[in-house]
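*Asks:* Sharing start-v8.cif (mmCIF, C-alpha atoms) below.
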```
data_start
loop_
_atom_site.label_atom_id
_atom_site.label_comp_id
_atom_site.auth_asym_id
_atom_site.auth_seq_id
_atom_site.Cartn_x
_atom_site.Cartn_y
_atom_site.Cartn_z
CA MET A 38 148.70 322.07 116.48
CA TYR A 39 146.45 319.06 117.04
CA ARG A 40 147.03 317.85 113.48
CA GLN A 41 150.82 318.20 113.86
CA THR A 42 150.75 316.26 117.12
CA LYS A 43 148.61 313.55 115.53
CA TRP A 44 151.01 313.14 112.60
CA PHE A 45 153.98 313.12 114.97
CA HIS A 46 152.45 310.33 117.06
CA LEU A 47 151.52 308.38 113.94
CA THR A 48 155.06 308.67 112.56
CA ALA A 49 156.63 307.75 115.89
CA TYR A 50 154.41 304.69 116.42
CA THR A 51 155.00 303.56 112.83
CA PHE A 52 158.75 303.83 113.20
CA LEU A 53 158.75 302.09 116.59
CA GLY A 54 156.46 299.35 115.24
CA ILE A 55 158.75 298.67 112.29
CA PHE A 56 161.79 298.71 114.57
CA ALA A 57 160.10 296.25 116.95
CA ILE A 58 159.19 293.87 114.11
CA ILE A 59 162.76 293.94 112.76
CA ASN A 60 164.05 292.95 116.20
CA ILE A 61 161.40 290.31 116.87
CA ILE A 62 161.72 288.42 113.57
CA PRO A 63 165.11 286.79 114.32
CA PHE A 64 163.93 285.63 117.76
CA PHE A 65 160.69 284.31 116.28
CA TRP A 66 162.47 282.13 113.70
CA MET A 67 165.02 281.01 116.26
CA ILE A 68 162.21 279.65 118.44
CA VAL A 69 160.36 278.14 115.46
CA ASP A 70 163.50 276.41 114.16
CA SER A 71 164.23 274.99 117.60
CA PHE A 72 161.10 272.82 117.28
CA LYS A 73 161.98 271.37 113.87
CA THR A 74 163.72 268.19 112.87
CA GLU A 75 167.08 268.54 111.16
CA GLN A 76 165.53 267.45 107.88
CA GLU A 77 162.81 270.11 108.06
CA TYR A 78 165.35 272.81 108.79
CA ALA A 79 167.59 271.71 105.91
CA ALA A 80 164.63 271.65 103.51
CA ASN A 81 163.35 275.13 104.41
CA PRO A 82 164.62 277.19 107.37
CA PHE A 83 161.59 279.51 107.09
CA SER A 84 158.85 276.89 107.18
CA MET A 85 156.71 275.96 110.16
CA PRO A 86 157.38 272.60 111.86
CA THR A 87 154.97 269.79 111.07
CA GLU A 88 155.33 268.52 114.64
CA LEU A 89 156.85 270.22 117.67
CA GLN A 90 160.13 268.53 118.64
CA PHE A 91 160.36 269.21 122.37
CA SER A 92 163.08 266.58 122.53
CA ASN A 93 165.44 269.11 120.97
CA TYR A 94 165.44 271.05 124.22
CA ALA A 95 166.17 268.01 126.36
CA LYS A 96 168.97 266.91 124.06
CA ALA A 97 170.45 270.41 123.84
CA TRP A 98 170.38 270.72 127.64
CA GLU A 99 172.21 267.41 128.01
CA VAL A 100 174.71 267.69 125.16
CA ALA A 101 175.63 271.31 125.88
CA ASN A 102 176.06 270.63 129.62
CA MET A 103 173.80 273.58 130.26
CA ASP A 104 173.04 272.72 133.87
CA THR A 105 176.62 273.59 134.85
CA TYR A 106 176.76 276.72 132.72
CA PHE A 107 173.35 277.86 133.95
CA LEU A 108 174.40 277.48 137.58
CA ASN A 109 177.62 279.40 137.04
CA SER A 110 175.80 282.22 135.25
CA ILE A 111 173.20 282.42 138.02
CA ILE A 112 175.88 282.59 140.73
CA VAL A 113 177.94 285.26 138.98
CA THR A 114 174.95 287.30 137.84
CA VAL A 115 172.99 287.26 141.09
CA VAL A 116 175.92 287.88 143.44
CA SER A 117 177.35 290.74 141.37
CA LEU A 118 173.84 292.18 140.95
CA VAL A 119 173.09 292.15 144.68
CA VAL A 120 176.46 293.69 145.58
CA THR A 121 176.17 296.34 142.87
CA VAL A 122 172.66 297.41 143.89
CA LEU A 123 173.52 297.39 147.61
CA LEU A 124 176.72 299.43 147.29
CA GLY A 125 175.26 301.66 144.56
CA SER A 126 172.11 302.49 146.51
CA LEU A 127 174.10 303.31 149.66
CA ALA A 128 176.52 305.54 147.75
CA ALA A 129 173.68 307.21 145.86
CA TYR A 130 171.83 307.86 149.13
CA PHE A 131 174.74 309.67 150.75
CA LEU A 132 175.56 311.60 147.57
CA ALA A 133 171.95 312.68 147.08
CA ARG A 134 170.86 313.43 150.64
CA PHE A 135 174.00 314.70 152.40
CA ASN A 136 176.22 317.71 151.75
CA PHE A 137 179.90 317.19 152.53
CA LYS A 138 183.13 318.78 151.36
CA LEU A 139 184.18 316.29 148.69
CA ARG A 140 180.71 315.38 147.48
CA GLY A 141 181.15 316.88 144.01
CA ALA A 142 184.57 315.30 143.49
CA THR A 143 183.33 311.92 144.71
CA TYR A 144 180.33 312.02 142.40
CA ALA A 145 182.54 313.06 139.46
CA ILE A 146 184.88 310.12 140.09
CA PHE A 147 181.96 307.70 140.02
CA LEU A 148 180.62 309.23 136.80
CA LEU A 149 184.09 309.03 135.25
CA GLY A 150 183.65 305.28 135.22
CA MET A 151 180.84 305.68 132.67
CA VAL A 152 183.19 307.09 130.02
CA VAL A 153 185.92 304.46 130.40
CA PRO A 154 185.60 301.69 127.78
CA ILE A 155 185.05 298.54 129.78
CA HIS A 156 187.00 296.19 127.54
CA ALA A 157 189.98 298.56 127.46
CA THR A 158 190.63 297.44 131.04
CA LEU A 159 190.68 293.74 130.18
CA ILE A 160 194.47 293.29 130.30
CA PRO A 161 194.96 295.27 133.57
CA ILE A 162 192.16 293.30 135.18
CA PHE A 163 193.69 290.03 134.00
CA LEU A 164 197.02 291.01 135.58
CA ILE A 165 195.33 292.10 138.82
CA MET A 166 193.36 288.86 139.09
CA ARG A 167 196.49 286.83 138.38
CA ASN A 168 198.44 288.66 141.10
CA LEU A 169 195.58 288.14 143.54
CA HIS A 170 195.35 284.45 142.55
CA LEU A 171 191.70 284.90 141.62
CA LEU A 172 191.92 283.76 138.00
CA ASP A 173 189.53 280.98 137.08
CA THR A 174 187.19 281.66 140.00
CA HIS A 175 183.73 283.16 140.28
CA LEU A 176 185.23 286.20 142.00
CA SER A 177 187.28 287.03 138.91
CA LEU A 178 183.96 287.87 137.20
CA ILE A 179 181.93 289.10 140.16
CA LEU A 180 184.41 291.84 141.11
CA PRO A 181 184.75 293.43 137.64
CA TYR A 182 181.02 293.18 136.95
CA THR A 183 180.30 294.95 140.24
CA ALA A 184 182.89 297.68 139.70
CA PHE A 185 181.89 298.46 136.12
CA HIS A 186 178.20 298.85 136.90
CA LEU A 187 178.50 301.01 139.99
CA SER A 188 178.79 304.22 137.95
CA LEU A 189 175.52 303.78 136.05
CA THR A 190 173.77 302.46 139.16
CA ILE A 191 174.79 305.47 141.22
CA PHE A 192 173.92 307.88 138.40
CA ILE A 193 170.36 306.57 138.08
CA LEU A 194 169.66 306.13 141.80
CA GLU A 195 171.23 309.45 142.83
CA GLY A 196 169.11 311.34 140.34
CA PHE A 197 165.99 309.58 141.60
CA MET A 198 166.74 310.06 145.31
CA LYS A 199 167.70 313.70 144.91
CA GLY A 200 164.11 314.61 144.07
CA PHE A 201 162.69 313.32 147.36
CA PRO A 202 161.48 316.00 149.79
CA LYS A 203 163.51 316.54 152.94
CA ASP A 204 160.36 315.90 154.98
CA LEU A 205 160.96 312.18 154.59
CA GLU A 206 164.15 312.24 156.66
CA GLU A 207 162.72 314.74 159.10
CA SER A 208 159.72 312.54 159.86
CA GLY A 209 162.02 309.57 160.34
CA VAL A 210 164.27 311.48 162.71
CA MET A 211 161.25 312.58 164.72
CA ASP A 212 160.29 308.92 165.09
CA GLY A 213 163.76 308.14 166.42
CA ALA A 214 165.16 306.45 163.30
CA GLY A 215 168.84 306.65 162.48
CA VAL A 216 170.46 307.19 159.09
CA PHE A 217 170.50 303.55 158.02
CA LYS A 218 167.01 302.95 159.39
CA ILE A 219 165.72 305.83 157.28
CA PHE A 220 167.55 304.40 154.27
CA TRP A 221 166.17 300.87 154.61
CA SER A 222 162.66 301.73 155.76
CA ILE A 223 161.85 304.96 153.88
CA ILE A 224 164.22 305.76 151.01
CA LEU A 225 164.82 302.30 149.61
CA PRO A 226 161.13 301.26 149.24
CA ILE A 227 160.17 304.40 147.30
CA THR A 228 163.25 304.02 145.08
CA ARG A 229 161.83 300.77 143.70
CA PRO A 230 161.28 302.03 140.11
CA ALA A 231 164.89 303.18 139.78
CA ILE A 232 166.18 300.01 141.43
CA SER A 233 164.17 297.94 138.97
CA THR A 234 165.84 299.82 136.14
CA VAL A 235 169.39 299.17 137.32
CA VAL A 236 168.54 295.57 138.16
CA ILE A 237 167.33 294.90 134.61
CA LEU A 238 170.29 296.65 132.99
CA ASN A 239 172.84 294.92 135.20
CA PHE A 240 171.19 291.53 134.88
CA ILE A 241 171.15 291.63 131.08
CA TYR A 242 174.79 292.67 130.86
CA ASN A 243 176.04 290.15 133.43
CA TRP A 244 174.04 287.32 131.90
CA ASN A 245 175.28 287.99 128.35
CA GLU A 246 178.87 289.08 129.04
CA TYR A 247 181.36 287.00 127.06
CA LEU A 248 184.80 288.57 126.67
CA PHE A 249 185.77 288.85 130.35
CA ALA A 250 184.49 285.34 130.99
CA LEU A 251 186.51 284.06 128.02
CA VAL A 252 189.76 285.60 129.30
CA LEU A 253 189.35 285.11 133.05
CA ILE A 254 187.75 281.64 133.13
CA SER A 255 189.40 278.50 131.74
CA SER A 256 187.88 275.57 133.67
CA SER A 257 184.87 273.95 132.04
CA SER A 258 183.21 273.58 135.43
CA LEU A 259 183.28 277.37 135.96
CA LYS A 260 182.31 278.58 132.50
CA THR A 261 179.22 280.75 132.18
CA LEU A 262 176.38 280.29 129.71
CA PRO A 263 177.80 282.44 126.86
CA LEU A 264 181.03 280.44 126.94
CA GLY A 265 179.12 277.17 127.05
CA LEU A 266 176.98 278.15 124.09
CA ALA A 267 180.07 279.14 122.09
CA ASN A 268 181.64 275.74 122.76
CA PHE A 269 178.36 274.02 121.94
CA VAL A 270 178.16 275.72 118.55
CA GLY A 271 181.65 274.46 117.80
CA ILE A 272 180.85 270.90 118.86
CA GLU A 273 177.34 270.63 117.37
CA THR A 274 177.84 272.72 114.24
CA ALA A 275 175.89 270.25 112.11
CA SER A 276 172.88 270.22 114.46
CA LEU A 277 171.42 273.66 113.88
CA THR A 278 168.08 272.83 115.52
CA LEU A 279 169.88 271.95 118.77
CA GLN A 280 171.77 275.22 118.56
CA MET A 281 168.48 277.09 118.23
CA ALA A 282 167.06 275.20 121.20
CA ALA A 283 170.10 276.01 123.33
CA LEU A 284 169.94 279.70 122.41
CA THR A 285 166.24 279.79 123.23
CA ILE A 286 166.90 278.25 126.65
CA ALA A 287 169.53 280.91 127.34
CA LEU A 288 167.08 283.66 126.32
CA ILE A 289 164.22 282.56 128.60
CA PRO A 290 165.62 283.96 131.91
CA ILE A 291 166.17 287.40 130.36
CA ILE A 292 162.63 287.53 128.99
CA ILE A 293 161.10 286.41 132.30
CA PHE A 294 163.23 288.86 134.28
CA TYR A 295 162.30 291.74 131.99
CA LEU A 296 158.59 290.93 132.03
CA LEU A 297 158.57 290.88 135.83
CA LEU A 298 160.12 294.34 136.11
CA GLN A 299 159.09 296.06 132.88
CA LYS A 300 156.45 298.25 134.54
CA GLN A 301 159.13 299.94 136.60
CA LEU A 302 161.74 300.27 133.84
CA VAL A 303 160.52 303.37 132.01
CA ASN A 304 159.51 305.20 135.20
CA GLY A 305 162.88 304.59 136.78
CA MET A 306 164.94 305.65 133.78
CA THR A 307 162.81 308.76 133.20
CA ALA A 308 162.97 309.82 136.83
CA GLY A 309 166.71 309.22 136.97
CA ALA A 310 167.25 311.38 133.91
CA VAL A 311 164.96 314.26 134.87
CA LYS A 312 165.27 314.67 138.62
CA GLY A 313 168.32 316.26 140.14
#
```
Mind turning this structure into structure tokens?
*Replies:*
Amino acid sequence: MYRQTKWFHLTAYTFLGIFAIINIIPFFWMIVDSFKTEQEYAANPFSMPTELQFSNYAKAWEVANMDTYFLNSIIVTVVSLVVTVLLGSLAAYFLARFNFKLRGATYAIFLLGMVVPIHATLIPIFLIMRNLHLLDTHLSLILPYTAFHLSLTIFILEGFMKGFPKDLEESGVMDGAGVFKIFWSIILPITRPAISTVVILNFIYNWNEYLFALVLISSSSLKTLPLGLANFVGIETASLTLQMAALTIALIPIIIFYLLLQKQLVNGMTAGAVKG
């Protein structure tokens, strides 16, 4: 048994190590190429730079108009993320901790959103936003992003909260706390691992989403980072080192965000899948 377990772990770690290397290599060369001159890149894309060209980043930031695109992405991502987590945590709390007549049906409706292909709703959403006169605004992205991520958010948080002992609410009631006080002061703090999980997942999707932004946003002043990078590639096709620098800049927030919350990610996803 010990020998079988040892070989299983060795095989699993080998496979995961190879998989990690395969995924890291493209990002590594993207960062390396972003520090090269155009001549160095043309001579050998897989060579190391003789001198680090930090000016590529400054030029890419200026030429690609990344300050505007960065600001738009931050607004859309953060607002939709906050609204999704707030509404999702409240809904998950009531579904997990209270028994009412339509609880099962309500939970099933939320989970139904997980099986609907998101991009299959692109045309209906475009028509809805046009009728509401919200096209080409930040809200045209914030509202769909929030709606689409509520199902997964509720699924993870409800499974996590359902495993809490009832003594938590009882002790809060004995101290004179109401329902929302118990939620904010007791339930929400100990749900931090699961919240970290949904925050990371929602942040990555919102930050990288392209198709809805392409269809619903037309003004250059409102375009998000993926749209800006797509336009930049078309304009600066010949300058591949600037493209690499721009892509690296766009990747930095995701890496930082993940590193800050990575300790909670696995715990939250595991608890959400097992409990309940």
*Asks:* Using all atoms listed in the file, what does the table of stretch 187-268 of chain A residues within 10 Å of stretch 282-288 of chain A look like, with each row giving the shortest atom pair and its distance in Å to one decimal, sorted by chain and ascending number, as a Markdown table?
*Replies:*
```
| residue | atom | partner | partner_atom | distance |
| --- | --- | --- | --- | --- |
| A:Trp244 | CA | A:Ala287 | CA | 9.1 |
| A:Asn245 | CA | A:Ala287 | CA | 9.2 |
| A:Leu262 | CA | A:Ala287 | CA | 7.3 |
| A:Pro263 | CA | A:Ala287 | CA | 8.4 |
| A:Gly265 | CA | A:Ala283 | CA | 9.8 |
| A:Leu266 | CA | A:Ala283 | CA | 7.2 |
```
*Asks:* Where does the PyMOL selection byres ((chain A and resi 60-75) around 9) land in this file, that is, which residues does it pick, as an MDAnalysis selection string?
*Replies:* chainID A and resid 55:59 76:80 82:94 276:285
*Asks:* With only C-alpha atoms as the atoms that count, which of A:Gly54, A:Pro154, A:Pro290, A:Gly200 lies nearest to A:Ile241?
*Replies:*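 The answer is A:Pro290, which sits nearest to A:Ile241.
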*Asks:* Which residue is closest to A:Phe192? Choose from A:Thr42, A:Ala128, A:Asp104, A:Ala97 and count only C-alpha atoms.
*Replies:*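 When distances to A:Phe192 are compared using only C-alpha atoms, the smallest one comes from A:Ala128.
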*Asks:* Between A:Lys96, A:Arg134, A:His186, A:His175, which is the closest to A:Val153 once you count all atoms listed in the file?
*Replies:*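 Result for the nearest residue to A:Val153: A:His186.
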*Asks:* Can you list, as a list in words, the residues that the PyMOL selection byres ((chain A and resi 201) around 10) selects here?
*Replies:*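 Applied to this file, the PyMOL selection byres ((chain A and resi 201) around 10) returns Ala133, Arg134, Gly196, Phe197, Met198, Lys199, Gly200, Pro202, Lys203, Asp204, Leu205, Glu206, Ile224, Ile227, Thr228, Lys312 and Gly313 of chain A.
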*Asks:* Given the choices A:Phe45, A:Phe294, A:Phe163, A:Tyr247, which gets closest to A:Lys260 if the distance is worked out from all atoms listed in the file?
*Replies:* A:Tyr247
*Asks:* Atom CA of A:Ala129 to atom CA of A:Gly213: how many Å, to one decimal?
*Replies:*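 These atoms are spaced 22.8 Å apart.
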*Asks:* I'd like to know which of A:Ala101, A:Ile146, A:Leu194, A:Leu139 is closest to A:Ser233, using all atoms listed in the file.
*Replies:*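 Among the listed residues, the smallest separation from A:Ser233 belongs to A:Leu194.
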*Asks:* Skip A:Thr121 itself and residues of its chain fewer than 2 positions away, then list as a count of residues only all residues within 8 Å of it, counting all atoms listed in the file.
*Replies:* 11
*Asks:* Take the PyMOL selection byres ((chain A and resi 182) around 10), run it mentally on this structure, and tell me the resulting residues as an NGL selection string.
*Replies:* :A and (113-114 or 116-118 or 120-121 or 155 or 176-181 or 183-187 or 239 or 242-243 or 246 or 249)
*Asks:* So, counting all atoms listed in the file, which residue among A:Met151, A:Ala231, A:Ile223, A:Ile254 is closest to A:Gly209?
*Replies:*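 That would be A:Ile223, the residue with the smallest distance to A:Gly209.
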*Asks:* How many Å lie between atom CA of A:Leu159 and atom CA of A:Val252, rounded to one decimal?
*Replies:*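 About the pair atom CA of A:Leu159 and atom CA of A:Val252: they are 8.2 Å apart.
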*Asks:* Would you mind listing what lies within 12 Å of A:Gln299 as a ChimeraX atom specification, with only C-alpha atoms counted and same-chain residues fewer than 6 positions away left out?
*Replies:* /A:230-238,291-293,305-306
*Asks:* Please, what distance in Å, to one decimal, runs between atom CA of A:Ile162 and atom CA of A:Ile111?
*Replies:*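 Between atom CA of A:Ile162 and atom CA of A:Ile111 the gap is 22.0 Å.
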*Asks:* Give as a PyMOL selection string each residue that has an atom at most 8 Å from (179.8, 310.0, 137.6) in the file, counting all atoms listed in the file.
*Replies:* chain A and resi 144-151+188-189+191-192
*Asks:* Fewer than 6 positions away in the same chain doesn't count, so skip those; otherwise give me all residues within 10 Å of A:Phe220, counting all atoms listed in the file, as a ChimeraX atom specification.
*Replies:* /A:126-127,130-131,206,209,214,226
*Asks:* How would the residues just chosen look if you wrote them out with C-alpha atoms as a PDB file, in the frame of the given file?
*Replies:*
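Okay, this is what ended up in part_13.pdb:
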```
ATOM      1  CA  SER A 126     172.110 302.490 146.510  1.00  0.00           C
ATOM      2  CA  LEU A 127     174.100 303.310 149.660  1.00  0.00           C
ATOM      3  CA  TYR A 130     171.830 307.860 149.130  1.00  0.00           C
ATOM      4  CA  PHE A 131     174.740 309.670 150.750  1.00  0.00           C
ATOM      5  CA  GLU A 206     164.150 312.240 156.660  1.00  0.00           C
ATOM      6  CA  GLY A 209     162.020 309.570 160.340  1.00  0.00           C
ATOM      7  CA  ALA A 214     165.160 306.450 163.300  1.00  0.00           C
ATOM      8  CA  PRO A 226     161.130 301.260 149.240  1.00  0.00           C
TER       9      PRO A 226
END
```
*Asks:* Find the spatial neighbours of A:Leu253, counting all atoms listed in the file, within a cut-off of 6 Å - ignore same-chain residues fewer than 2 positions away - and output them as an NGL selection string.
*Replies:* :A and (172-173 or 249-251)
*Asks:* I need the chosen residues saved as a PDB file, keeping the file's coordinate frame, with C-alpha atoms.
*Replies:*
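Below is the file that was written, part.pdb:
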```pdb
ATOM      1  CA  LEU A 172     191.920 283.760 138.000  1.00  0.00           C
ATOM      2  CA  ASP A 173     189.530 280.980 137.080  1.00  0.00           C
ATOM      3  CA  PHE A 249     185.770 288.850 130.350  1.00  0.00           C
ATOM      4  CA  ALA A 250     184.490 285.340 130.990  1.00  0.00           C
ATOM      5  CA  LEU A 251     186.510 284.060 128.020  1.00  0.00           C
TER       6      LEU A 251
END
```
